[in-house]
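Engineer: Got a structure here, written out as structure tokens. Questions coming.
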Amino acid sequence: MPAIVIGVLLAVAAYGLFCWAVIVFVFLPAWPFLVLAGAATGVILIGSTLAGTLLQLGGLGAVTLTPADVRSRLPKPRSRFERDRAWPNYLFAQSRTDLATALDHTGRRLGRVWEKSTMPLQEEPAILWAWPLLLLPLVFLLGLTVAAVLSGFVVYGVVCVVLGVAWAGWGIVAGFRRTVEYATQRLRGAKATCTVGGCNHRNRLPAYRCGGCGQVHHDIRAGRLGAFTRRCSCGTMLPTTVLNAGGLAPICQLCGEPLRPGAAMLTDVVLPVFGPTSAGKTRFVLAGMVALARHLTAAGGSLRPVGPESETAFDDARGVVASRADTAKTAAGRPPAGLTVRLTTARRQGLLHLFDAAGEFYSTREQAGDLPFLDDADGFVFVLDPFSIPEVRQQLTGPLAARLDTAHPASMNPEQSYLVTTRWLRDQGVCLDRKPLAVAVVKSDLLLDLPAAAGLRAPAEPAEIMSWLREKGLDNMLDGAGRDFAAVRCFLVSSLEVASDADGWAGPASPAHPLLWLLGRSRMSIPAAPPLAVAGRTA
Amino acid sequence: MTGPAMPSGPPHYRAYRVVLAVAVITAAALLLVCLLALAFGGPAVALGYSPGEWL
């Protein structure tokens, strides 16, 4: 029995001696080296895992996000459309995926190191008797783990700083490009106007169809899909500004129909012509177009109809004006398509859209609601038929009654028509006080020689025309127009013919004058007739 | 998705990744250098240890 006790005591003493010897002669001298080696391994683990993931080495690469993932991985745009299917910029989706994947790989690698290191212990727990020796890998692993965590903060921090700098640079570039584009569009007065099938949608940002696959891109501006260019899902490179998108086909954001070439790039002027039924709006538009074309040619520019409908309408207009034939009444069944022409002057190009709706649309507020082009017009032309003024009609009796029949006067009092339309516009929130109004007193060819036109002459100054209208009882309407609109000017015109001189300059009663005045107020100034031409006419 | 297959994403992904990888490798290398400098160099000496003593 004492021998057993002595044996046990000796074994315990020997084990204690062994432990003491390992700790003193092995562990204590070696632990700094092990900590250092573990820390270095931890740093290398972090660096190699992150770099390997980024460079897609050794099967570490992250899943590549494609245009199909854009809608789920990027914030929803503030638009009624989903985000366009194009390759996103690396900064906004793929970078996060890469970093998350690298972090995941790092955690897994660290876990595997611990797992492999502790596996012998799990398989043979008996080796725990040599615990002083096990302190060596433990210290190494602790050094590795602590260093991996600390260096992970540093290295991932560096990556985040690089990404942040790139993001800030991108933000400055994209913001600058957007600002320049917006400012240029504002200065030019550039917008995209849809004139197809009564759509009449108008904004500064048309959609574009990709030249490669035909996919529609609703927001082509510099953004998360690219600052300078974007790559469509088909691989085709597209520009990221409307002003550089001249090679793409613009389409309407609302109806998806093709827009005119140059939409949202060129000065865009929308001029609705309103007035009661039979006031002479269509005649004014047709004659005004032809007169404007001649005036522009005389001024060294040009006017060209854009699109098959406008070309047909312009050809018809020239025929009707040349033959002095009667104009067919505008169909009242549906809202009108606009007549679009491309104007070129020495300094600027632009698109002019003239909208001529049937007078029935202006007779009630409900029907005026079907004319969306009124919402965002650059100016208005109110066609005033002098033969529909009650006081003028009263004077056309006896032998002069035939003149009233010839004039086919408008069915509604001009004041009532004006009030219905302007009240509806105000209700729609249209800022009339920023828009000019041209009051075109038409049919001057039938009016000027009548006693009712006493005080009027051709050419008549706007003040003279206003004074005459006030005499005829339209002072309320004119006072209201003065309050409603930014500027009001009256013109006495004859739409029977273009009233141009031999060189093509618009004459005193030309229907081009209201259009020229409104174009001038819409950043599309067109030179007036030179003084010599004016002097020749008035002499 | 139609169009050309780009398993690694468009070319600009590669450019960003290379820049980031260079930043990562540089940062990791600097950390290693700092670690070794801490172990063998000035800071250890400044703290009153000679490298031999500390190790």
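Lettering and numbering for the structure tokens are positional, with chains as A, B, ... in the shown order, residues counted from 1 in each chain, and ligands counted from 1 in the shown order.
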Near B:Ile25, counting only C-alpha atoms, which residues have an atom at most 10 Å away, once you skip same-chain residues fewer than 2 positions from it, shown as a ChimeraX atom specification?
Structural biologist: /A:44,46-48,50-51,155 /B:20-23,27-31
Engineer: Leaving out B:Cys34 and any residue of its chain fewer than 2 positions from it, which residues lie within 12 Å of it when counting only C-alpha atoms, given as a VMD selection string?
Structural biologist: (chain A and resid 36 39 to 40 43 151) or (chain B and resid 27 to 32 36 to 44)
Engineer: Could the residues in this selection be written to a file with N, CA, C and O atoms, as a CSV table (one decimal), in the first residue's frame?
Structural biologist:
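Everything below was put into part_36.csv:
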```csv
chain,number,residue,atom,x,y,z
A,36,LEU,N,3.1,36.3,-32.4
A,36,LEU,CA,3.5,37.0,-33.7
A,36,LEU,C,3.2,36.3,-34.9
A,36,LEU,O,2.6,36.8,-35.9
A,39,ALA,N,-0.6,36.3,-35.3
A,39,ALA,CA,-1.1,37.6,-35.8
A,39,ALA,C,-0.8,37.8,-37.3
A,39,ALA,O,-1.6,38.3,-38.0
A,40,ALA,N,0.4,37.5,-37.7
A,40,ALA,CA,0.8,37.6,-39.1
A,40,ALA,C,-0.1,36.8,-40.0
A,40,ALA,O,-0.6,37.2,-41.0
A,43,VAL,N,-3.4,38.5,-40.3
A,43,VAL,CA,-3.4,39.6,-41.3
A,43,VAL,C,-3.4,39.0,-42.7
A,43,VAL,O,-4.2,39.5,-43.6
A,151,SER,N,-7.2,43.5,-37.8
A,151,SER,CA,-6.8,43.8,-39.2
A,151,SER,C,-8.0,43.8,-40.1
A,151,SER,O,-8.1,44.6,-41.1
B,27,ALA,N,-2.8,47.6,-47.8
B,27,ALA,CA,-3.2,47.8,-46.4
B,27,ALA,C,-2.7,46.6,-45.6
B,27,ALA,O,-2.1,46.8,-44.5
B,28,ALA,N,-2.8,45.4,-46.1
B,28,ALA,CA,-2.4,44.2,-45.4
B,28,ALA,C,-0.9,44.2,-45.2
B,28,ALA,O,-0.3,43.8,-44.2
B,29,ALA,N,-0.2,44.5,-46.3
B,29,ALA,CA,1.3,44.6,-46.2
B,29,ALA,C,1.7,45.6,-45.2
B,29,ALA,O,2.7,45.3,-44.4
B,30,LEU,N,1.1,46.8,-45.2
B,30,LEU,CA,1.5,47.8,-44.2
B,30,LEU,C,1.2,47.3,-42.8
B,30,LEU,O,2.0,47.6,-41.9
B,31,LEU,N,0.1,46.6,-42.6
B,31,LEU,CA,-0.1,46.0,-41.3
B,31,LEU,C,0.9,45.0,-40.9
B,31,LEU,O,1.4,45.0,-39.7
B,32,LEU,N,1.4,44.2,-41.8
B,32,LEU,CA,2.4,43.2,-41.5
B,32,LEU,C,3.7,44.0,-41.1
B,32,LEU,O,4.4,43.6,-40.1
B,36,LEU,N,5.6,43.7,-37.5
B,36,LEU,CA,7.0,43.3,-37.4
B,36,LEU,C,7.8,44.5,-36.7
B,36,LEU,O,8.7,44.2,-35.8
B,37,ALA,N,7.5,45.7,-37.1
B,37,ALA,CA,8.2,46.9,-36.5
B,37,ALA,C,7.9,46.9,-35.0
B,37,ALA,O,8.7,47.2,-34.2
B,38,LEU,N,6.6,46.6,-34.7
B,38,LEU,CA,6.2,46.6,-33.3
B,38,LEU,C,7.0,45.5,-32.5
B,38,LEU,O,7.4,45.7,-31.4
B,39,ALA,N,7.2,44.4,-33.2
B,39,ALA,CA,7.8,43.3,-32.5
B,39,ALA,C,9.3,43.5,-32.3
B,39,ALA,O,9.9,43.1,-31.3
B,40,PHE,N,9.9,43.9,-33.4
B,40,PHE,CA,11.4,44.0,-33.4
B,40,PHE,C,12.0,45.3,-33.3
B,40,PHE,O,13.2,45.5,-33.1
B,41,GLY,N,11.2,46.3,-33.6
B,41,GLY,CA,11.8,47.6,-33.9
B,41,GLY,C,11.6,48.6,-32.7
B,41,GLY,O,11.5,48.3,-31.6
B,42,GLY,N,11.5,49.9,-33.2
B,42,GLY,CA,11.5,51.0,-32.3
B,42,GLY,C,10.5,50.9,-31.1
B,42,GLY,O,10.9,51.2,-30.0
B,43,PRO,N,9.3,50.7,-31.3
B,43,PRO,CA,8.3,50.7,-30.2
B,43,PRO,C,8.7,49.8,-29.1
B,43,PRO,O,8.6,50.2,-27.9
B,44,ALA,N,9.2,48.6,-29.4
B,44,ALA,CA,9.6,47.7,-28.4
B,44,ALA,C,10.8,48.2,-27.6
B,44,ALA,O,10.8,48.2,-26.4
```
Engineer: Residues near stretch 12-24 of chain A, anyone? I mean within 10 Å using only C-alpha atoms, not counting same-chain ones fewer than 6 positions away, as a ChimeraX atom specification.
Structural biologist: /A:6,30-31,129-133,135-136
Engineer: What lies within 8 Å of stretch 421-437 of chain A using only C-alpha atoms, ignoring chain neighbours under 4 positions off, as a list in words?
Structural biologist: Tyr362, Ser363, Arg365, Ala368, Gly369, Leu374, Asp375, Asp376, Ala377, Asp378, Gly379, Phe380, Val381, Phe382, Ser417, Ala481, Arg483, Asp484, Phe485, Ala486, Ala487, Val488, Arg489, Leu518 and Arg521 of chain A
Engineer: Measuring atom to atom with only C-alpha atoms, identify which of A:Tyr418, A:Phe81, A:Phe27, A:Tyr208 is nearest to chain B.
Structural biologist: A:Phe27
Engineer: Return the single residue from A:Met237, A:Leu10, A:Met119, A:Leu259 that is closest to chain B, with distances computed using only C-alpha atoms.
Structural biologist: A:Met237
Engineer: Give me the residues near stretch 65-78 of chain A as a list of chain:residue names, where near means some atom within 7 Å (using only C-alpha atoms) and where sequence neighbours in that chain fewer than 6 positions away do not count.
Structural biologist: A:Arg85, A:Ala86, A:Trp87, A:Pro88, A:Ala93, A:Gln94, A:Ser233, B:Met1
Engineer: Have a look at atom CA of A:Phe92 and atom CA of A:His218 and let me know their distance in Å, one decimal.
Structural biologist: 19.2 Å
Engineer: List the spatial neighbours of A:Ala287 as a short mmCIF file (atom, residue, chain, number, x, y, z; two decimals) with C-alpha atoms, in the first residue's frame - criterion: any atom at most 12 Å away, only C-alpha atoms, same-chain residues fewer than 6 positions off excluded.
Structural biologist:
```
data_model
loop_
_atom_site.label_atom_id
_atom_site.label_comp_id
_atom_site.auth_asym_id
_atom_site.auth_seq_id
_atom_site.Cartn_x
_atom_site.Cartn_y
_atom_site.Cartn_z
CA GLY A 280 -61.59 80.59 -87.47
CA LYS A 281 -59.00 78.74 -85.42
CA ALA A 293 -42.74 79.53 -93.29
CA ARG A 294 -42.42 82.37 -95.77
CA ALA A 313 -51.40 69.07 -92.86
CA PHE A 314 -48.80 71.55 -94.09
CA ASP A 315 -49.35 70.55 -97.73
CA ASP A 316 -53.10 70.91 -97.22
CA ALA A 317 -52.54 74.29 -95.59
CA ARG A 318 -50.59 75.58 -98.57
CA GLY A 319 -53.31 74.34 -100.92
CA VAL A 320 -56.14 75.86 -98.89
CA VAL A 321 -54.39 79.20 -98.50
CA ALA A 322 -53.35 79.38 -102.16
CA SER A 323 -56.89 78.58 -103.37
CA ARG A 324 -58.54 80.76 -100.68
CA ALA A 325 -60.92 77.85 -100.20
CA ASP A 326 -63.11 77.42 -97.16
CA THR A 327 -61.67 75.45 -94.28
CA VAL A 442 -59.41 87.43 -87.27
CA LYS A 443 -61.40 88.02 -90.44
CA VAL A 493 -55.15 89.51 -88.83
CA SER A 494 -56.65 88.04 -91.92
CA SER A 495 -56.36 84.30 -92.28
CA LEU A 496 -57.79 84.30 -95.79
CA GLU A 497 -54.28 84.63 -97.17
CA VAL A 498 -50.76 84.73 -95.80
CA ALA A 499 -50.45 88.52 -96.31
CA SER A 500 -46.73 88.37 -97.03
CA ALA A 506 -45.07 88.94 -92.87
CA ALA A 509 -52.41 91.65 -91.33
CA SER A 510 -50.38 88.45 -91.51
CA PRO A 511 -51.52 85.62 -89.24
CA ALA A 512 -47.82 84.98 -88.57
CA HIS A 513 -47.57 87.96 -86.20
CA PRO A 514 -49.24 86.39 -83.14
CA LEU A 515 -47.04 83.32 -83.60
#
```
Engineer: Identify which of the residues A:Gln56, A:Gly214, A:Pro32, A:Leu9 lies closest to B:Val18, counting only C-alpha atoms when measuring atom-to-atom distances.
Structural biologist: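 Selected residue with least distance to B:Val18: A:Gln56.
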